[in-house]
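File shown here: start20.txt, holding compact mmCIF, C-alpha atoms (C1' of nucleotides).
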```txt
# COMPACT_ATOMS: atom_id res chain seq x y z
CA MET A 8 78.54 130.44 107.18
CA LYS A 9 78.07 128.13 104.25
CA TYR A 10 79.79 124.98 105.50
CA ASP A 11 78.84 122.93 108.53
CA HIS A 12 81.55 122.88 111.13
CA ASP A 13 81.22 119.26 112.26
CA GLU A 14 81.11 118.09 108.68
CA ILE A 15 84.33 119.93 107.91
CA ILE A 16 86.14 118.41 110.89
CA GLU A 17 84.87 114.97 109.99
CA LYS A 18 86.09 115.20 106.41
CA ALA A 19 89.41 116.65 107.54
CA THR A 20 89.78 113.83 110.06
CA THR A 21 89.37 111.24 107.34
CA LEU A 22 91.98 112.92 105.21
CA PHE A 23 94.56 113.36 107.97
CA TRP A 24 93.90 109.84 109.16
CA GLN A 25 94.53 108.43 105.73
CA ARG A 26 97.48 110.54 104.71
CA GLY A 27 99.00 112.04 107.82
CA PHE A 28 99.61 115.71 108.55
CA GLN A 29 102.53 116.29 106.26
CA ALA A 30 101.32 114.29 103.29
CA ALA A 31 97.90 115.90 103.34
CA GLY A 32 98.58 119.00 101.28
CA MET A 33 96.48 122.13 101.46
CA ARG A 34 95.19 121.39 97.98
CA ASP A 35 94.09 117.92 99.10
CA ILE A 36 92.35 119.54 102.03
CA GLN A 37 90.69 122.13 99.81
CA GLN A 38 89.39 119.36 97.60
CA ALA A 39 88.26 117.10 100.44
CA LEU A 40 86.42 119.91 102.18
CA ASP A 41 85.28 121.56 98.94
CA MET A 42 86.51 124.85 100.31
CA ARG A 43 88.78 127.52 98.94
CA PRO A 44 92.02 128.40 100.75
CA GLY A 45 90.71 131.74 102.01
CA SER A 46 87.76 130.09 103.75
CA ILE A 47 89.96 127.55 105.44
CA TYR A 48 92.42 130.14 106.69
CA ALA A 49 89.70 132.52 107.84
CA ARG A 50 88.30 129.77 110.04
CA PHE A 51 91.30 127.80 111.15
CA GLN A 52 94.21 130.23 110.78
CA SER A 53 96.48 127.54 109.36
CA LYS A 54 96.79 123.92 108.37
CA GLU A 55 98.08 123.26 111.86
CA GLY A 56 95.06 125.00 113.38
CA LEU A 57 92.72 122.73 111.48
CA PHE A 58 94.77 119.71 112.45
CA LYS A 59 94.65 120.67 116.09
CA LEU A 60 90.84 120.73 116.03
CA VAL A 61 90.84 117.37 114.30
CA ILE A 62 93.07 115.90 116.97
CA GLU A 63 90.98 117.29 119.79
CA GLN A 64 87.76 116.00 118.27
CA TYR A 65 89.34 112.62 117.67
CA ALA A 66 90.60 112.40 121.24
CA GLN A 67 87.23 113.44 122.61
CA ASN A 68 85.59 110.73 120.58
CA SER A 69 88.08 108.10 121.69
CA GLU A 70 87.68 109.13 125.28
CA LYS A 71 83.95 108.67 125.03
CA ARG A 72 84.39 105.17 123.71
CA LEU A 73 86.83 104.25 126.45
CA LYS A 74 84.36 105.56 128.99
CA GLN A 75 81.68 103.32 127.58
CA VAL A 76 84.02 100.38 128.01
CA ALA A 77 84.72 101.30 131.63
CA GLU A 78 81.03 101.66 132.38
CA ALA A 79 79.98 98.44 130.69
CA GLU A 80 78.51 95.57 132.67
CA SER A 81 81.59 93.54 131.89
CA PRO A 82 84.46 96.01 131.30
CA LEU A 83 86.80 93.19 130.38
CA GLY A 84 84.42 91.86 127.75
CA ALA A 85 83.81 95.37 126.45
CA LEU A 86 87.55 95.91 126.29
CA TYR A 87 87.97 92.85 124.14
CA HIS A 88 85.21 94.03 121.86
CA PHE A 89 86.78 97.48 121.71
CA PHE A 90 90.12 96.05 120.63
CA GLU A 91 88.52 93.78 118.09
CA THR A 92 86.45 96.45 116.36
CA ALA A 93 89.34 98.91 116.35
CA LEU A 94 91.82 96.46 114.87
CA THR A 95 89.91 94.26 112.46
CA GLY A 96 87.72 96.63 110.50
CA PRO A 97 86.94 96.12 106.79
CA ASP A 98 89.72 96.61 104.30
CA GLU A 99 88.39 99.86 102.84
CA GLN A 100 88.67 101.33 106.32
CA ARG A 101 92.10 99.90 106.90
CA TYR A 102 93.51 103.33 107.62
CA MET A 103 91.36 103.41 110.73
CA ARG A 104 93.35 100.57 112.26
CA GLN A 105 96.12 103.04 112.81
CA CYS A 106 95.44 105.35 115.72
CA LEU A 107 95.45 108.91 114.46
CA LEU A 108 97.26 110.00 117.60
CA VAL A 109 99.97 107.38 117.26
CA LYS A 110 100.35 108.24 113.61
CA SER A 111 100.74 111.86 114.62
CA ILE A 112 103.41 111.02 117.16
CA ALA A 113 105.57 109.88 114.29
CA GLU A 114 105.24 113.40 112.88
CA LEU A 115 105.63 115.17 116.19
CA ASP A 116 108.61 117.24 115.10
CA ILE A 117 106.85 118.48 111.99
CA ILE A 118 103.33 119.36 113.01
CA GLY A 119 104.17 122.49 114.99
CA ASP A 120 104.10 123.31 118.67
CA ILE A 121 100.37 123.91 119.07
CA ALA A 122 99.32 120.66 117.44
CA LYS A 123 102.15 118.84 119.19
CA LYS A 124 100.80 119.93 122.53
CA ALA A 125 97.31 118.79 121.57
CA VAL A 126 98.60 115.36 120.55
CA LEU A 127 100.58 114.80 123.74
CA GLU A 128 97.75 115.98 125.95
CA SER A 129 95.35 113.69 124.13
CA MET A 130 97.65 110.76 124.77
CA GLN A 131 97.56 111.58 128.47
CA THR A 132 93.79 111.78 128.41
CA LEU A 133 93.48 108.40 126.79
CA LYS A 134 95.92 106.91 129.26
CA ALA A 135 93.56 108.03 132.02
CA GLY A 136 90.73 106.40 130.10
CA PHE A 137 92.58 103.11 130.04
CA ARG A 138 93.23 103.42 133.74
CA ASP A 139 89.51 103.84 134.42
CA ILE A 140 88.91 100.62 132.52
CA ILE A 141 91.47 98.75 134.60
CA GLU A 142 89.97 100.01 137.82
CA ALA A 143 86.47 99.13 136.66
CA CYS A 144 87.66 95.61 135.90
CA ILE A 145 89.15 95.30 139.38
CA GLU A 146 86.00 96.63 140.99
CA LYS A 147 83.83 94.14 139.12
CA GLY A 148 86.12 91.32 140.09
CA GLU A 149 87.24 90.67 136.53
CA LEU A 150 90.84 91.44 137.43
CA PRO A 151 92.77 90.56 140.60
CA GLU A 152 92.77 93.09 143.41
CA GLN A 153 96.52 93.43 143.38
CA THR A 154 96.70 94.44 139.72
CA PRO A 155 98.90 97.59 139.61
CA ALA A 156 96.43 99.98 137.99
CA LYS A 157 98.85 102.67 136.88
CA LEU A 158 101.32 100.25 135.37
CA ALA A 159 98.59 98.14 133.82
CA ALA A 160 97.00 101.18 132.22
CA GLU A 161 100.26 102.24 130.62
CA TRP A 162 100.82 98.69 129.53
CA LEU A 163 97.35 98.43 128.05
CA GLN A 164 97.71 101.65 126.10
CA ASN A 165 101.07 100.46 124.91
CA GLN A 166 99.61 97.16 123.76
CA PHE A 167 96.98 99.06 121.89
CA VAL A 168 99.58 101.21 120.18
CA GLY A 169 101.64 98.20 119.20
CA LEU A 170 98.65 96.24 118.02
CA ARG A 171 97.47 99.03 115.78
CA ALA A 172 100.81 99.05 114.01
CA PHE A 173 100.69 95.29 113.88
CA ALA A 174 97.15 95.11 112.50
CA LEU A 175 98.08 97.59 109.82
CA MET A 176 100.50 95.10 108.31
CA GLN A 177 98.30 92.02 108.53
CA ASP A 178 96.36 90.71 105.58
CA GLU A 179 94.00 88.57 107.59
CA ASN A 180 92.46 89.04 110.98
CA LEU A 181 93.44 85.72 112.54
CA ALA A 182 96.91 86.85 113.57
CA THR A 183 95.50 90.05 115.02
CA THR A 184 92.80 88.22 116.94
CA GLN A 185 95.40 85.90 118.44
CA MET A 186 97.36 88.92 119.57
CA ILE A 187 94.30 90.38 121.24
CA ASP A 188 93.75 87.07 122.99
CA LYS A 189 97.31 87.16 124.24
CA VAL A 190 96.75 90.66 125.57
CA MET A 191 93.73 89.47 127.53
CA VAL A 192 95.70 86.58 128.95
CA ASP A 193 98.61 88.79 129.96
CA LEU A 194 96.30 91.39 131.45
CA LYS A 195 95.10 88.79 133.92
CA GLY A 196 98.60 87.38 134.32
CA GLN A 197 101.55 88.23 136.52
CA TRP A 198 103.04 91.66 136.92
CA PRO A 199 106.71 92.40 137.57
CA GLN A 200 107.85 93.42 141.03
CA GLN A 201 108.08 97.17 141.38
CA THR A 202 111.42 96.88 143.14
CA HIS A 203 113.70 98.41 140.58
CA MET B 25 135.39 108.57 94.12
CA LYS B 26 135.89 111.18 96.76
CA TYR B 27 133.46 110.04 99.44
CA ASP B 28 133.49 106.73 101.28
CA HIS B 29 130.41 104.67 100.61
CA ASP B 30 129.86 103.28 104.11
CA GLU B 31 130.35 106.70 105.62
CA ILE B 32 127.70 108.16 103.34
CA ILE B 33 125.18 105.47 104.23
CA GLU B 34 125.91 105.92 107.91
CA LYS B 35 125.37 109.66 107.81
CA ALA B 36 122.24 109.24 105.72
CA THR B 37 120.94 106.66 108.19
CA THR B 38 121.33 109.10 111.06
CA LEU B 39 119.45 111.77 109.17
CA PHE B 40 116.57 109.56 108.03
CA TRP B 41 116.35 108.06 111.49
CA GLN B 42 116.07 111.46 113.09
CA ARG B 43 113.76 113.12 110.60
CA GLY B 44 112.04 110.41 108.57
CA PHE B 45 112.01 110.04 104.80
CA GLN B 46 109.68 112.86 103.95
CA ALA B 47 110.98 115.42 106.39
CA ALA B 48 114.58 114.85 105.39
CA GLY B 49 114.85 117.18 102.43
CA MET B 50 117.43 116.82 99.71
CA ARG B 51 119.12 119.96 101.00
CA ASP B 52 119.35 118.43 104.48
CA ILE B 53 120.84 115.35 102.91
CA GLN B 54 123.29 117.40 100.89
CA GLN B 55 124.41 119.14 104.04
CA ALA B 56 124.60 116.01 106.17
CA LEU B 57 126.63 114.15 103.55
CA ASP B 58 128.58 117.23 102.46
CA MET B 59 127.79 116.33 98.89
CA ARG B 60 126.31 118.26 96.01
CA PRO B 61 123.03 117.11 94.42
CA GLY B 62 124.70 115.86 91.25
CA SER B 63 126.96 113.51 93.20
CA ILE B 64 124.08 112.08 95.14
CA TYR B 65 121.99 111.47 92.07
CA ALA B 66 124.86 110.01 90.07
CA ARG B 67 125.34 107.42 92.80
CA PHE B 68 121.87 106.73 94.12
CA GLN B 69 119.57 107.78 91.27
CA SER B 70 117.12 109.41 93.64
CA LYS B 71 116.30 110.21 97.25
CA GLU B 72 114.35 106.99 97.34
CA GLY B 73 117.34 105.05 96.02
CA LEU B 74 119.51 106.35 98.83
CA PHE B 75 116.79 105.59 101.35
CA LYS B 76 116.47 102.05 100.07
CA LEU B 77 120.18 101.43 100.68
CA VAL B 78 119.86 102.92 104.15
CA ILE B 79 116.96 100.61 104.97
CA GLU B 80 118.77 97.55 103.71
CA GLN B 81 121.90 98.36 105.67
CA TYR B 82 119.85 99.04 108.78
CA ALA B 83 117.99 95.76 108.45
CA GLN B 84 121.20 93.86 107.89
CA ASN B 85 122.64 95.39 111.01
CA SER B 86 119.57 94.63 113.08
CA GLU B 87 119.52 91.08 111.80
CA LYS B 88 123.08 90.61 112.92
CA ARG B 89 122.25 91.81 116.41
CA LEU B 90 119.24 89.52 116.65
CA LYS B 91 121.44 86.64 115.56
CA GLN B 92 123.87 87.42 118.35
CA VAL B 93 120.99 87.26 120.81
CA ALA B 94 119.86 83.89 119.47
CA GLU B 95 123.37 82.51 119.68
CA ALA B 96 124.07 83.77 123.17
CA GLU B 97 124.64 81.42 126.06
CA SER B 98 121.42 82.64 127.60
CA PRO B 99 119.20 83.86 124.74
CA LEU B 100 116.57 85.05 127.17
CA GLY B 101 119.07 87.12 129.11
CA ALA B 102 120.54 88.47 125.89
CA LEU B 103 117.04 89.34 124.73
CA TYR B 104 116.44 91.37 127.85
CA HIS B 105 119.71 93.17 127.35
CA PHE B 106 118.86 93.79 123.72
CA PHE B 107 115.55 95.39 124.67
CA GLU B 108 117.12 97.45 127.37
CA THR B 109 119.88 98.93 125.26
CA ALA B 110 117.55 99.59 122.35
CA LEU B 111 114.95 101.35 124.46
CA THR B 112 116.80 103.24 127.15
CA GLY B 113 119.69 104.90 125.37
CA PRO B 114 121.00 108.34 126.36
CA ASP B 115 118.83 111.33 125.63
CA GLU B 116 120.94 112.70 122.83
CA GLN B 117 120.36 109.42 120.98
CA ARG B 118 116.68 109.42 121.76
CA TYR B 119 115.81 109.13 118.07
CA MET B 120 117.39 105.69 118.09
CA ARG B 121 114.68 104.41 120.40
CA GLN B 122 112.36 104.50 117.46
CA CYS B 123 112.95 101.65 115.04
CA LEU B 124 113.82 103.10 111.64
CA LEU B 125 111.72 100.41 110.00
CA VAL B 126 108.67 101.10 112.13
CA LYS B 127 109.08 104.79 111.54
CA SER B 128 109.20 104.07 107.83
CA ILE B 129 106.03 102.02 107.97
CA ALA B 130 104.21 105.15 108.98
CA GLU B 131 105.42 106.68 105.70
CA LEU B 132 104.80 103.61 103.60
CA ASP B 133 102.48 105.36 101.17
CA ILE B 134 104.94 108.16 100.54
CA ILE B 135 108.33 106.55 100.17
CA GLY B 136 107.76 104.95 96.78
CA ASP B 137 107.37 101.37 95.65
CA ILE B 138 111.03 100.36 95.68
CA ALA B 139 111.72 101.57 99.19
CA LYS B 140 108.34 100.26 100.34
CA LYS B 141 109.29 96.80 99.19
CA ALA B 142 112.62 97.04 101.01
CA VAL B 143 110.92 98.07 104.24
CA LEU B 144 108.35 95.27 104.18
CA GLU B 145 110.93 92.65 103.30
CA SER B 146 113.14 93.85 106.12
CA MET B 147 110.28 93.49 108.56
CA GLN B 148 109.88 89.89 107.45
CA THR B 149 113.57 89.27 107.90
CA LEU B 150 113.51 90.62 111.42
CA LYS B 151 110.46 88.56 112.25
CA ALA B 152 112.49 85.48 111.31
CA GLY B 153 115.25 86.77 113.58
CA PHE B 154 112.85 86.98 116.50
CA ARG B 155 111.66 83.47 115.75
CA ASP B 156 115.22 82.16 115.91
CA ILE B 157 115.53 83.72 119.34
CA ILE B 158 112.34 82.07 120.57
CA GLU B 159 113.49 78.69 119.30
CA ALA B 160 116.91 79.15 120.86
CA CYS B 161 115.24 79.91 124.19
CA ILE B 162 113.14 76.75 123.94
CA GLU B 163 116.16 74.68 123.02
CA LYS B 164 118.13 75.96 125.99
CA GLY B 165 115.20 75.28 128.30
CA GLU B 166 114.63 78.95 129.05
CA LEU B 167 111.12 78.78 127.62
CA PRO B 168 108.56 75.96 127.87
CA GLU B 169 108.55 73.33 125.13
CA GLN B 170 104.98 74.05 124.15
CA THR B 171 105.61 77.75 123.46
CA PRO B 172 104.08 78.44 120.02
CA ALA B 173 107.20 79.71 118.23
CA LYS B 174 105.54 81.40 115.27
CA LEU B 175 102.97 83.19 117.35
CA ALA B 176 105.49 84.11 120.02
CA ALA B 177 107.86 85.54 117.43
CA GLU B 178 105.16 87.78 115.98
CA TRP B 179 104.16 88.76 119.46
CA LEU B 180 107.72 89.56 120.43
CA GLN B 181 108.29 91.72 117.39
CA ASN B 182 105.03 93.43 118.10
CA GLN B 183 106.04 94.11 121.68
CA PHE B 184 109.26 95.57 120.43
CA VAL B 185 107.42 97.85 118.03
CA GLY B 186 105.03 99.02 120.72
CA LEU B 187 107.78 99.54 123.24
CA ARG B 188 109.81 101.67 120.89
CA ALA B 189 106.86 104.02 120.46
CA PHE B 190 106.34 103.92 124.20
CA ALA B 191 109.96 104.60 125.09
CA LEU B 192 109.96 107.55 122.72
CA MET B 193 107.42 109.32 124.89
CA GLN B 194 108.97 108.54 128.25
CA ASP B 195 111.09 111.01 130.12
CA GLU B 196 112.65 108.50 132.45
CA ASN B 197 113.63 104.91 131.96
CA LEU B 198 111.81 103.37 134.93
CA ALA B 199 108.48 103.05 133.14
CA THR B 200 110.19 101.55 130.11
CA THR B 201 112.14 99.07 132.21
CA GLN B 202 108.95 97.95 133.91
CA MET B 203 107.40 97.36 130.51
CA ILE B 204 110.36 95.24 129.46
CA ASP B 205 109.98 93.24 132.66
CA LYS B 206 106.34 92.66 131.85
CA VAL B 207 107.30 91.44 128.39
CA MET B 208 109.67 88.92 129.91
CA VAL B 209 106.99 87.72 132.30
CA ASP B 210 104.40 87.37 129.53
CA LEU B 211 106.85 85.64 127.26
CA LYS B 212 107.13 82.85 129.80
CA GLY B 213 103.41 83.02 130.55
CA GLN B 214 100.34 81.46 129.01
CA TRP B 215 99.45 81.54 125.35
CA PRO B 216 95.93 81.58 123.94
CA GLN B 217 94.45 78.43 122.42
CA GLN B 218 94.91 78.35 118.67
CA THR B 219 91.31 77.18 118.22
CA HIS B 220 89.81 80.19 116.56
C1' DT C 3 148.02 110.93 73.81
C1' DT C 4 143.37 110.12 73.54
C1' DA C 5 139.07 108.14 75.00
C1' DT C 6 136.23 106.55 78.46
C1' DC C 7 134.40 106.17 82.81
C1' DG C 8 132.63 107.22 87.48
C1' DC C 9 132.21 110.84 90.21
C1' DT C 10 131.96 115.78 91.28
C1' DT C 11 130.16 120.66 91.09
C1' DG C 12 126.58 124.30 91.44
C1' DA C 13 123.27 126.83 88.98
C1' DA C 14 118.88 126.22 87.55
C1' DC C 15 114.32 123.89 86.44
C1' DG C 16 109.39 123.03 86.98
C1' DA C 17 106.29 121.58 90.43
C1' DT C 18 104.30 121.95 94.63
C1' DC C 19 104.19 123.71 99.24
C1' DG C 20 101.53 126.67 102.90
C1' DT C 21 99.82 131.03 102.87
C1' DT C 22 98.11 135.86 101.69
C1' DC C 23 95.05 139.20 99.98
C1' DA C 24 91.85 142.20 97.57
C1' DA C 25 87.27 141.75 96.61
C1' DG C 26 82.61 139.99 97.25
C1' DT C 27 78.47 138.04 99.83
C1' DA C 28 75.03 137.52 103.37
C1' DA C 29 73.38 137.73 107.87
C1' DA C 30 73.47 140.48 112.33
C1' DC C 31 73.50 144.60 114.89
C1' DC C 32 72.92 149.60 115.71
C1' DG D 23 69.97 152.32 105.77
C1' DG D 24 74.50 151.86 107.16
C1' DT D 25 78.15 149.41 109.49
C1' DT D 26 80.10 145.44 111.15
C1' DT D 27 81.18 140.79 111.24
C1' DA D 28 81.97 136.17 109.59
C1' DC D 29 82.70 133.82 105.88
C1' DT D 30 83.66 133.09 100.91
C1' DT D 31 86.29 133.26 96.39
C1' DG D 32 90.38 132.47 93.39
C1' DA D 33 94.47 134.42 91.74
C1' DA D 34 98.88 134.95 93.22
C1' DC D 35 103.05 135.02 96.38
C1' DG D 36 107.57 133.52 98.04
C1' DA D 37 109.69 129.46 99.65
C1' DT D 38 110.96 124.96 99.21
C1' DC D 39 110.62 120.54 97.03
C1' DG D 40 113.12 116.67 94.24
C1' DT D 41 115.61 116.64 90.25
C1' DT D 42 118.36 117.84 85.95
C1' DC D 43 122.26 119.16 83.36
C1' DA D 44 126.29 121.19 81.25
C1' DA D 45 130.79 121.31 82.58
C1' DG D 46 134.87 119.68 84.88
C1' DC D 47 137.99 116.44 87.35
C1' DG D 48 140.99 112.41 87.92
C1' DA D 49 141.94 107.66 87.36
C1' DT D 50 142.04 103.76 84.07
C1' DA D 51 142.37 101.58 79.51
C1' DA D 52 143.78 101.52 74.74
```

Take the structure in the file and give it back as structure tokens.
Amino acid sequence: MKYDHDEIIEKATTLFWQRGFQAAGMRDIQQALDMRPGSIYARFQSKEGLFKLVIEQYAQNSEKRLKQVAEAESPLGALYHFFETALTGPDEQRYMRQCLLVKSIAELDIIGDIAKKAVLESMQTLKAGFRDIIEACIEKGELPEQTPAKLAAEWLQNQFVGLRAFALMQDENLATTQMIDKVMVDLKGQWPQQTH
Amino acid sequence: MKYDHDEIIEKATTLFWQRGFQAAGMRDIQQALDMRPGSIYARFQSKEGLFKLVIEQYAQNSEKRLKQVAEAESPLGALYHFFETALTGPDEQRYMRQCLLVKSIAELDIIGDIAKKAVLESMQTLKAGFRDIIEACIEKGELPEQTPAKLAAEWLQNQFVGLRAFALMQDENLATTQMIDKVMVDLKGQWPQQTH
DNA sequence: TTATCGCTTGAACGATCGTTCAAGTAAACC
DNA sequence: GGTTTACTTGAACGATCGTTCAAGCGATAA
């Protein structure tokens, strides 16, 4: 075993994050990982197999960070900070503004059934993470008692998805920061009646 | 000239919308348009050239629909209706829930410089369309005078982008409808101070 | 009639795609 | 020591990619 597993996944993550599943060719992967095709296939069975591990690792990582937000002294403040760091990173890490999962959703029909399942399950996991944050905010009195947790969690995740696409197109951070501010305002604001 | 131009663009739009630029192979295009490669290249120079025309036509169409919203008797009501129809179509037209432009943004690095330019310019055009709607709402007294039009327009477009990704993952329309309701609430709600 | 033009056809091109495979290496196990 | 196992190498495979091109068609212009 010449190559370190975590290091491989990390490098592969960067590549898939930058280029997407389809656009990242096997020869790009071989170069990025400094591995020959046989090694890659012996370990990961296929390009999709490698991608699946990348997705799972990425989701696990994201989940951990959401958990930290939920367990913070001020979940609402931590949430703001989480949004800010995720959306306004330096320009050379611009690709990171896009959520790898969301990016993958755009390729859902291409990436194969196994990876597709991993992506969708990861989205569910993260939704639960957002819900924990909402509930933590309510518990700490940072959000009103009557905030509909399930709806708010979906909404929050959705805002995050939209904002990542938004931030990707922005040249400066001011517009993005204003959007985050608006999210925080709306989070504390009214919610529609559930009587549909 | 055997094939009708508008018909070609329409069929190509459907294909690109369903599959994306990259995943729509020339042989898929040939089949969808019932044209041979030579014909396609004689008319459109390249796959990218065809795609560029598709994008421009799509943007033009979208712009027209936004204009109708802005010019409606109740722009706010028309806006709601616009969101609803765009996001909760029948299942066999599920691909239409995704905005072709947003989908293309995910492929921005792949589609080539000419098409890239067309996509980004179209996004700007649509942003202006959203702004017209906001201003029409203010003028008709459906939104408060002090609503920051520029910010609100960006926000609205952003909500639309996020919701399209959201709607794509939903099995039933209830969750999507609730999200639209929340958008309408927040649109009338508070806006962050511009003092950043 | 002849020339020109835009459009059409379909075979074929070179490049690239994901993947396979025979062969080799090094550590682990019996 | 011998066998197994996990991993490595790099050439090569068949398939598919976007694109080209010689040839032909039909309408228009001279």

**Request:** Determine which residues of chain B sit within 9 Å of chain D, taking into account only C-alpha atoms (C1' of nucleotides), and present them as a list in words.
**Result:**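 Result: Gly49, Met50, Pro61, Gly62, Tyr65, Ser70 and Lys71 of chain B.
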
Of the residues B:Gln183, B:Ser86, B:Ser98, B:Thr109, which is the one nearest to chain A, using only C-alpha atoms?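 Nearest candidate to chain A out of B:Gln183, B:Ser86, B:Ser98, B:Thr109: B:Gln183.
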
So that each row is one residue of chain C with an atom at most 12 Å from chain B, can you give its shortest atom pair and the distance in Å to one decimal, using all atoms listed in the file, rows by chain and rising number, as JSON lines?
```
{"residue": "C:DC7", "atom": "C1'", "partner": "B:Met25", "partner_atom": "CA", "distance": 11.6}
{"residue": "C:DG8", "atom": "C1'", "partner": "B:Met25", "partner_atom": "CA", "distance": 7.3}
{"residue": "C:DC9", "atom": "C1'", "partner": "B:Met25", "partner_atom": "CA", "distance": 5.5}
{"residue": "C:DT10", "atom": "C1'", "partner": "B:Ser63", "partner_atom": "CA", "distance": 5.8}
{"residue": "C:DT11", "atom": "C1'", "partner": "B:Arg60", "partner_atom": "CA", "distance": 6.7}
{"residue": "C:DG12", "atom": "C1'", "partner": "B:Arg60", "partner_atom": "CA", "distance": 7.6}
{"residue": "C:DA13", "atom": "C1'", "partner": "B:Pro61", "partner_atom": "CA", "distance": 11.1}
```

C-alpha atoms (C1' of nucleotides) of the current selection, written as a PDB file, in the coordinates of the input:
```pdb
ATOM      1  C1'  DC C   7     134.400 106.170  82.810  1.00  0.00           C
ATOM      2  C1'  DG C   8     132.630 107.220  87.480  1.00  0.00           C
ATOM      3  C1'  DC C   9     132.210 110.840  90.210  1.00  0.00           C
ATOM      4  C1'  DT C  10     131.960 115.780  91.280  1.00  0.00           C
ATOM      5  C1'  DT C  11     130.160 120.660  91.090  1.00  0.00           C
ATOM      6  C1'  DG C  12     126.580 124.300  91.440  1.00  0.00           C
ATOM      7  C1'  DA C  13     123.270 126.830  88.980  1.00  0.00           C
TER       8       DA C  13
END
```

Check your understanding: Which of these residues is nearest to chain A, using all atoms listed in the file: B:Leu167, B:Ile157, B:Val143, B:Ile138?
Key ->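 Once distances to chain A are computed over all atoms listed in the file, the minimum belongs to B:Val143.
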
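Pairwise distance (CA of Gln197 (chain A), CA of Phe190 (chain B)) equals 20.5 Å.
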
Could I see region 81-85 of chain A restored to all heavy atoms, set down as a CSV table (one decimal), in the coordinates of the input?
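Saved file part_36.csv follows:
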```
chain,number,residue,atom,x,y,z
A,81,SER,N,80.3,94.3,131.8
A,81,SER,CA,81.6,93.5,131.9
A,81,SER,C,82.7,94.4,131.2
A,81,SER,O,82.8,94.3,130.0
A,81,SER,CB,81.5,92.2,131.2
A,81,SER,OG,82.8,91.6,131.0
A,82,PRO,N,83.4,95.2,131.9
A,82,PRO,CA,84.5,96.0,131.3
A,82,PRO,C,85.5,95.2,130.5
A,82,PRO,O,85.9,95.6,129.5
A,82,PRO,CB,85.1,96.7,132.5
A,82,PRO,CG,84.1,96.6,133.6
A,82,PRO,CD,83.4,95.4,133.4
A,83,LEU,N,85.8,94.0,131.0
A,83,LEU,CA,86.8,93.2,130.4
A,83,LEU,C,86.3,92.7,129.0
A,83,LEU,O,87.0,92.7,128.0
A,83,LEU,CB,87.2,92.0,131.3
A,83,LEU,CG,88.5,91.3,131.0
A,83,LEU,CD1,89.6,92.3,131.3
A,83,LEU,CD2,88.7,90.1,131.9
A,84,GLY,N,85.0,92.3,129.0
A,84,GLY,CA,84.4,91.9,127.8
A,84,GLY,C,84.3,93.0,126.8
A,84,GLY,O,84.6,92.9,125.6
A,85,ALA,N,83.9,94.2,127.3
A,85,ALA,CA,83.8,95.4,126.4
A,85,ALA,C,85.2,95.8,125.9
A,85,ALA,O,85.3,96.2,124.8
A,85,ALA,CB,83.2,96.5,127.2
```
